[in-house]
Amino acid sequence: MKVLVTGGAGFIGSHVCEKLLARGDDVVVLDNFNDFYDPRIKRRNAALLAKAEIVEGDLRDRELVSSLFAKGRFDALIHLAAMAGVRPSLLDPLHYVDVNLRGTMILLEELRKAPKTRFVFASSSSVYGANDAVPFKESDDIPHPVSPYASTKRAGELFAWTHHHLYGIPTVCLRFFTVYGPRQRPEMAIAKFVKAIDEGKPIPFFGDGSTRRDYTYVDDIVDGVVRALDRCEGYEIYNLGESATTSLSELVAAIGKALGKEPKLDRQPLQPGDVLITYADVTKAKTKLGYRPTTTITEGLDRYVAWYRATAGGTR
């Protein structure tokens, strides 16, 4: 299978590409190596993908995207590129709309010309907003996302549905739940907490510690992505999570234990756009994809800390 992966040099993307290459797929990566975080991290990720073709460019560049599709004859597109993060989206919502919506629409318009190409779209658990019914189900009514980032992801799902409906593009939207693991972006909570605690610095601790997240180890996410790719037909939305929750207090304590160090807390109020809980019902993914997340938060943190130490904090 020949697969175009947008954002393939990023955290999740590089792991997905490794999995595809390992099983013999032909992989083309489109990534702009932007400075949302240190581009050197993404270039190190890309260096691990020796068998992939790496194209440096922006998915909003219509001529570039069109030329890739014209010569690529792709069997599938895995669209992972996006401006990510709830809190940063509050500061620059127009940029999030431009990248996450206009960029996605440019890709969908190319798929319109090749409607048999499978489309796997990376959505987010943030689309559920402040949903009171837990665990979150794909069938939930979710009219109220609470951040620009969440709104762009929900809109991306809807645009994907429209193009599937009009042109028959086989489409899967995957709602990721708080992914962590080796190569995690440095501004994300677990990466930030591990570094700060290891260096004896205080960590930003928002609220009273009772907020809960469905932390999902990257290997489990990758397994779900590949299963969704192989079973991509019609239009489907799947939750990909561990289907277990961990409070902020429990997370910080577990990181401290994994590092063998005592965390120091910088207590701050809850931030705009934050939700109290994310919790995935993965029944649909288990039934239709054979998805079986297996990594507990304790196991995952131990693996992350081992990687963090082996790579000097992810710098090599």
# chains A, B, ... in the order shown; residues from 1 in each chain; ligands from 1
>>> closest_atom_pairs(of="region 238-260 of chain A", to="region 286-292 of chain A", cutoff="12 Å", atoms="only C-alpha atoms", output="Markdown table")
| residue | atom | partner | partner_atom | distance |
| --- | --- | --- | --- | --- |
| A:Tyr238 | CA | A:Leu289 | CA | 9.2 |
| A:Asn239 | CA | A:Lys286 | CA | 9.7 |
| A:Leu240 | CA | A:Tyr291 | CA | 8.3 |
| A:Gly241 | CA | A:Arg292 | CA | 9.6 |
| A:Glu242 | CA | A:Arg292 | CA | 8.6 |
| A:Ser243 | CA | A:Arg292 | CA | 10.2 |
>>> residues_around(residues="region 271-277 of chain A", least_positions_apart="3", cutoff="7 Å", atoms="only C-alpha atoms", output="list of chain:residue names")
A:Val86, A:Arg87, A:Gly129, A:Ala130, A:Val146, A:Ser147, A:Thr211, A:Arg212, A:Arg213
>>> write_last_selection(atoms="C-alpha atoms", output="PDB file, in the first residue's frame")
ATOM      1  CA  VAL A  86      -6.365  23.500  23.512  1.00  0.00           C
ATOM      2  CA  ARG A  87      -4.679  26.397  25.326  1.00  0.00           C
ATOM      3  CA  GLY A 129     -16.348  19.374  25.191  1.00  0.00           C
ATOM      4  CA  ALA A 130     -17.687  19.487  28.740  1.00  0.00           C
ATOM      5  CA  VAL A 146     -15.120  24.543  24.384  1.00  0.00           C
ATOM      6  CA  SER A 147     -11.976  25.618  22.512  1.00  0.00           C
ATOM      7  CA  THR A 211      -9.493  16.528  36.738  1.00  0.00           C
ATOM      8  CA  ARG A 212      -9.196  13.181  34.971  1.00  0.00           C
ATOM      9  CA  ARG A 213      -7.808  12.154  31.599  1.00  0.00           C
TER      10      ARG A 213
END
>>> residues_around(residues="Val97 (chain A)", least_positions_apart="5", cutoff="10 Å", atoms="only C-alpha atoms", output="ChimeraX atom specification")
/A:82-83,89,92,102-104,148-149,151-153,155
>>> write_last_selection(atoms="N, CA and C atoms", output="mmCIF file, in the first residue's frame")
data_model
loop_
_atom_site.group_PDB
_atom_site.id
_atom_site.type_symbol
_atom_site.label_atom_id
_atom_site.label_comp_id
_atom_site.auth_asym_id
_atom_site.auth_seq_id
_atom_site.Cartn_x
_atom_site.Cartn_y
_atom_site.Cartn_z
ATOM 1 N N ALA A 82 -1.599 19.068 12.002
ATOM 2 C CA ALA A 82 -2.559 20.031 12.561
ATOM 3 C C ALA A 82 -1.820 20.960 13.504
ATOM 4 N N MET A 83 -2.437 22.105 13.746
ATOM 5 C CA MET A 83 -2.046 22.900 14.905
ATOM 6 C C MET A 83 -2.747 22.274 16.099
ATOM 7 N N SER A 89 -4.636 27.314 21.189
ATOM 8 C CA SER A 89 -5.664 27.710 20.217
ATOM 9 C C SER A 89 -6.451 28.925 20.680
ATOM 10 N N ASP A 92 -4.459 32.055 19.297
ATOM 11 C CA ASP A 92 -4.368 32.320 17.856
ATOM 12 C C ASP A 92 -5.385 31.477 17.098
ATOM 13 N N ARG A 102 -8.754 24.871 6.585
ATOM 14 C CA ARG A 102 -8.391 25.100 5.179
ATOM 15 C C ARG A 102 -7.434 24.020 4.697
ATOM 16 N N GLY A 103 -6.467 23.657 5.534
ATOM 17 C CA GLY A 103 -5.522 22.605 5.145
ATOM 18 C C GLY A 103 -6.217 21.283 4.891
ATOM 19 N N THR A 104 -7.159 20.930 5.757
ATOM 20 C CA THR A 104 -7.897 19.678 5.581
ATOM 21 C C THR A 104 -8.744 19.725 4.317
ATOM 22 N N PRO A 148 -11.205 26.665 20.449
ATOM 23 C CA PRO A 148 -11.070 26.720 18.987
ATOM 24 C C PRO A 148 -10.476 25.435 18.413
ATOM 25 N N TYR A 149 -9.506 24.849 19.101
ATOM 26 C CA TYR A 149 -8.921 23.593 18.630
ATOM 27 C C TYR A 149 -9.991 22.518 18.490
ATOM 28 N N SER A 151 -13.178 22.887 18.164
ATOM 29 C CA SER A 151 -14.109 23.245 17.095
ATOM 30 C C SER A 151 -13.545 22.888 15.724
ATOM 31 N N THR A 152 -12.240 23.120 15.522
ATOM 32 C CA THR A 152 -11.652 22.788 14.217
ATOM 33 C C THR A 152 -11.651 21.283 13.984
ATOM 34 N N LYS A 153 -11.446 20.506 15.033
ATOM 35 C CA LYS A 153 -11.444 19.055 14.867
ATOM 36 C C LYS A 153 -12.855 18.530 14.568
ATOM 37 N N ALA A 155 -15.221 20.266 13.163
ATOM 38 C CA ALA A 155 -15.530 20.729 11.808
ATOM 39 C C ALA A 155 -14.826 19.855 10.766
#
>>> select_by_dssp(residues="region 250-306 of chain A", states="alpha helix (DSSP H)", output="number ranges by chain")
A: 250-259, 283-289, 297-306
>>> write_last_selection(atoms="N, CA and C atoms", output="PDB file, in the first residue's frame")
ATOM      1  N   GLU A 250      -3.094  11.766  40.733  1.00  0.00           N
ATOM      2  CA  GLU A 250      -2.563  10.411  40.552  1.00  0.00           C
ATOM      3  C   GLU A 250      -1.444  10.389  39.514  1.00  0.00           C
ATOM      4  N   LEU A 251      -1.616  11.166  38.451  1.00  0.00           N
ATOM      5  CA  LEU A 251      -0.600  11.218  37.403  1.00  0.00           C
ATOM      6  C   LEU A 251       0.715  11.757  37.945  1.00  0.00           C
ATOM      7  N   VAL A 252       0.649  12.858  38.662  1.00  0.00           N
ATOM      8  CA  VAL A 252       1.873  13.476  39.189  1.00  0.00           C
ATOM      9  C   VAL A 252       2.570  12.530  40.166  1.00  0.00           C
ATOM     10  N   ALA A 253       1.801  11.876  41.011  1.00  0.00           N
ATOM     11  CA  ALA A 253       2.389  10.925  41.958  1.00  0.00           C
ATOM     12  C   ALA A 253       3.051   9.767  41.212  1.00  0.00           C
ATOM     13  N   ALA A 254       2.407   9.276  40.146  1.00  0.00           N
ATOM     14  CA  ALA A 254       2.958   8.155  39.385  1.00  0.00           C
ATOM     15  C   ALA A 254       4.242   8.555  38.654  1.00  0.00           C
ATOM     16  N   ILE A 255       4.296   9.785  38.149  1.00  0.00           N
ATOM     17  CA  ILE A 255       5.520  10.257  37.494  1.00  0.00           C
ATOM     18  C   ILE A 255       6.645  10.374  38.515  1.00  0.00           C
ATOM     19  N   GLY A 256       6.321  10.919  39.687  1.00  0.00           N
ATOM     20  CA  GLY A 256       7.324  11.003  40.741  1.00  0.00           C
ATOM     21  C   GLY A 256       7.876   9.636  41.103  1.00  0.00           C
ATOM     22  N   LYS A 257       6.996   8.653  41.187  1.00  0.00           N
ATOM     23  CA  LYS A 257       7.432   7.289  41.523  1.00  0.00           C
ATOM     24  C   LYS A 257       8.314   6.713  40.417  1.00  0.00           C
ATOM     25  N   ALA A 258       7.922   6.928  39.157  1.00  0.00           N
ATOM     26  CA  ALA A 258       8.708   6.407  38.036  1.00  0.00           C
ATOM     27  C   ALA A 258      10.106   7.017  37.993  1.00  0.00           C
ATOM     28  N   LEU A 259      10.187   8.298  38.380  1.00  0.00           N
ATOM     29  CA  LEU A 259      11.485   8.984  38.395  1.00  0.00           C
ATOM     30  C   LEU A 259      12.258   8.765  39.688  1.00  0.00           C
ATOM     31  N   THR A 283     -15.820   0.548  22.850  1.00  0.00           N
ATOM     32  CA  THR A 283     -16.559  -0.650  22.432  1.00  0.00           C
ATOM     33  C   THR A 283     -16.632  -0.773  20.917  1.00  0.00           C
ATOM     34  N   LYS A 284     -16.918   0.331  20.233  1.00  0.00           N
ATOM     35  CA  LYS A 284     -17.044   0.286  18.779  1.00  0.00           C
ATOM     36  C   LYS A 284     -15.721  -0.095  18.124  1.00  0.00           C
ATOM     37  N   ALA A 285     -14.617   0.501  18.582  1.00  0.00           N
ATOM     38  CA  ALA A 285     -13.309   0.181  18.012  1.00  0.00           C
ATOM     39  C   ALA A 285     -12.918  -1.266  18.299  1.00  0.00           C
ATOM     40  N   LYS A 286     -13.262  -1.754  19.474  1.00  0.00           N
ATOM     41  CA  LYS A 286     -12.976  -3.155  19.790  1.00  0.00           C
ATOM     42  C   LYS A 286     -13.763  -4.085  18.882  1.00  0.00           C
ATOM     43  N   THR A 287     -15.044  -3.773  18.685  1.00  0.00           N
ATOM     44  CA  THR A 287     -15.927  -4.644  17.917  1.00  0.00           C
ATOM     45  C   THR A 287     -15.591  -4.633  16.430  1.00  0.00           C
ATOM     46  N   LYS A 288     -15.396  -3.446  15.865  1.00  0.00           N
ATOM     47  CA  LYS A 288     -15.228  -3.337  14.419  1.00  0.00           C
ATOM     48  C   LYS A 288     -13.773  -3.389  13.957  1.00  0.00           C
ATOM     49  N   LEU A 289     -12.847  -2.978  14.817  1.00  0.00           N
ATOM     50  CA  LEU A 289     -11.440  -2.935  14.419  1.00  0.00           C
ATOM     51  C   LEU A 289     -10.587  -4.006  15.101  1.00  0.00           C
ATOM     52  N   ILE A 297      -1.262   3.009  32.680  1.00  0.00           N
ATOM     53  CA  ILE A 297      -0.540   4.264  32.865  1.00  0.00           C
ATOM     54  C   ILE A 297       0.791   4.029  33.580  1.00  0.00           C
ATOM     55  N   THR A 298       0.842   3.102  34.505  1.00  0.00           N
ATOM     56  CA  THR A 298       2.094   2.799  35.209  1.00  0.00           C
ATOM     57  C   THR A 298       3.134   2.245  34.241  1.00  0.00           C
ATOM     58  N   GLU A 299       2.730   1.281  33.423  1.00  0.00           N
ATOM     59  CA  GLU A 299       3.647   0.705  32.443  1.00  0.00           C
ATOM     60  C   GLU A 299       4.098   1.762  31.441  1.00  0.00           C
ATOM     61  N   GLY A 300       3.159   2.566  30.977  1.00  0.00           N
ATOM     62  CA  GLY A 300       3.489   3.574  29.986  1.00  0.00           C
ATOM     63  C   GLY A 300       4.455   4.626  30.512  1.00  0.00           C
ATOM     64  N   LEU A 301       4.239   5.054  31.749  1.00  0.00           N
ATOM     65  CA  LEU A 301       5.148   6.047  32.338  1.00  0.00           C
ATOM     66  C   LEU A 301       6.538   5.472  32.548  1.00  0.00           C
ATOM     67  N   ASP A 302       6.609   4.222  32.952  1.00  0.00           N
ATOM     68  CA  ASP A 302       7.924   3.583  33.110  1.00  0.00           C
ATOM     69  C   ASP A 302       8.662   3.552  31.769  1.00  0.00           C
ATOM     70  N   ARG A 303       7.949   3.232  30.697  1.00  0.00           N
ATOM     71  CA  ARG A 303       8.569   3.193  29.367  1.00  0.00           C
ATOM     72  C   ARG A 303       8.993   4.597  28.930  1.00  0.00           C
ATOM     73  N   TYR A 304       8.137   5.583  29.212  1.00  0.00           N
ATOM     74  CA  TYR A 304       8.480   6.941  28.816  1.00  0.00           C
ATOM     75  C   TYR A 304       9.715   7.441  29.557  1.00  0.00           C
ATOM     76  N   VAL A 305       9.768   7.192  30.862  1.00  0.00           N
ATOM     77  CA  VAL A 305      10.922   7.638  31.656  1.00  0.00           C
ATOM     78  C   VAL A 305      12.194   6.938  31.182  1.00  0.00           C
ATOM     79  N   ALA A 306      12.096   5.655  30.836  1.00  0.00           N
ATOM     80  CA  ALA A 306      13.271   4.933  30.330  1.00  0.00           C
ATOM     81  C   ALA A 306      13.756   5.562  29.025  1.00  0.00           C
TER      82      ALA A 306
END
>>> closest_residue(among="A:Gly260, A:Pro115, A:Pro39, A:Pro293", to="Pro170 (chain A)", atoms="only C-alpha atoms")
A:Pro115
>>> atom_distance(atom1="CA of Gly7 (chain A)", atom2="CA of Phe33 (chain A)")
8.5 Å
>>> atom_distance(atom1="CA of Thr278 (chain A)", atom2="CA of Val225 (chain A)")
19.6 Å
>>> residues_around(residues="Leu108 (chain A)", least_positions_apart="4", cutoff="8 Å", atoms="only C-alpha atoms", output="list of chain:residue names")
A:Thr104, A:Arg112, A:Ala160, A:His163
>>> residues_around(residues="Val28 (chain A)", least_positions_apart="4", cutoff="6 Å", atoms="only C-alpha atoms", output="PyMOL selection string")
chain A and resi 4+52-53
>>> closest_residue(among="A:Lys19, A:His164, A:Arg43, A:Lys192", to="Glu109 (chain A)", atoms="only C-alpha atoms")
A:His164
>>> closest_residue(among="A:Leu90, A:Leu270, A:Val5, A:Arg231", to="Leu21 (chain A)", atoms="only C-alpha atoms")
A:Val5
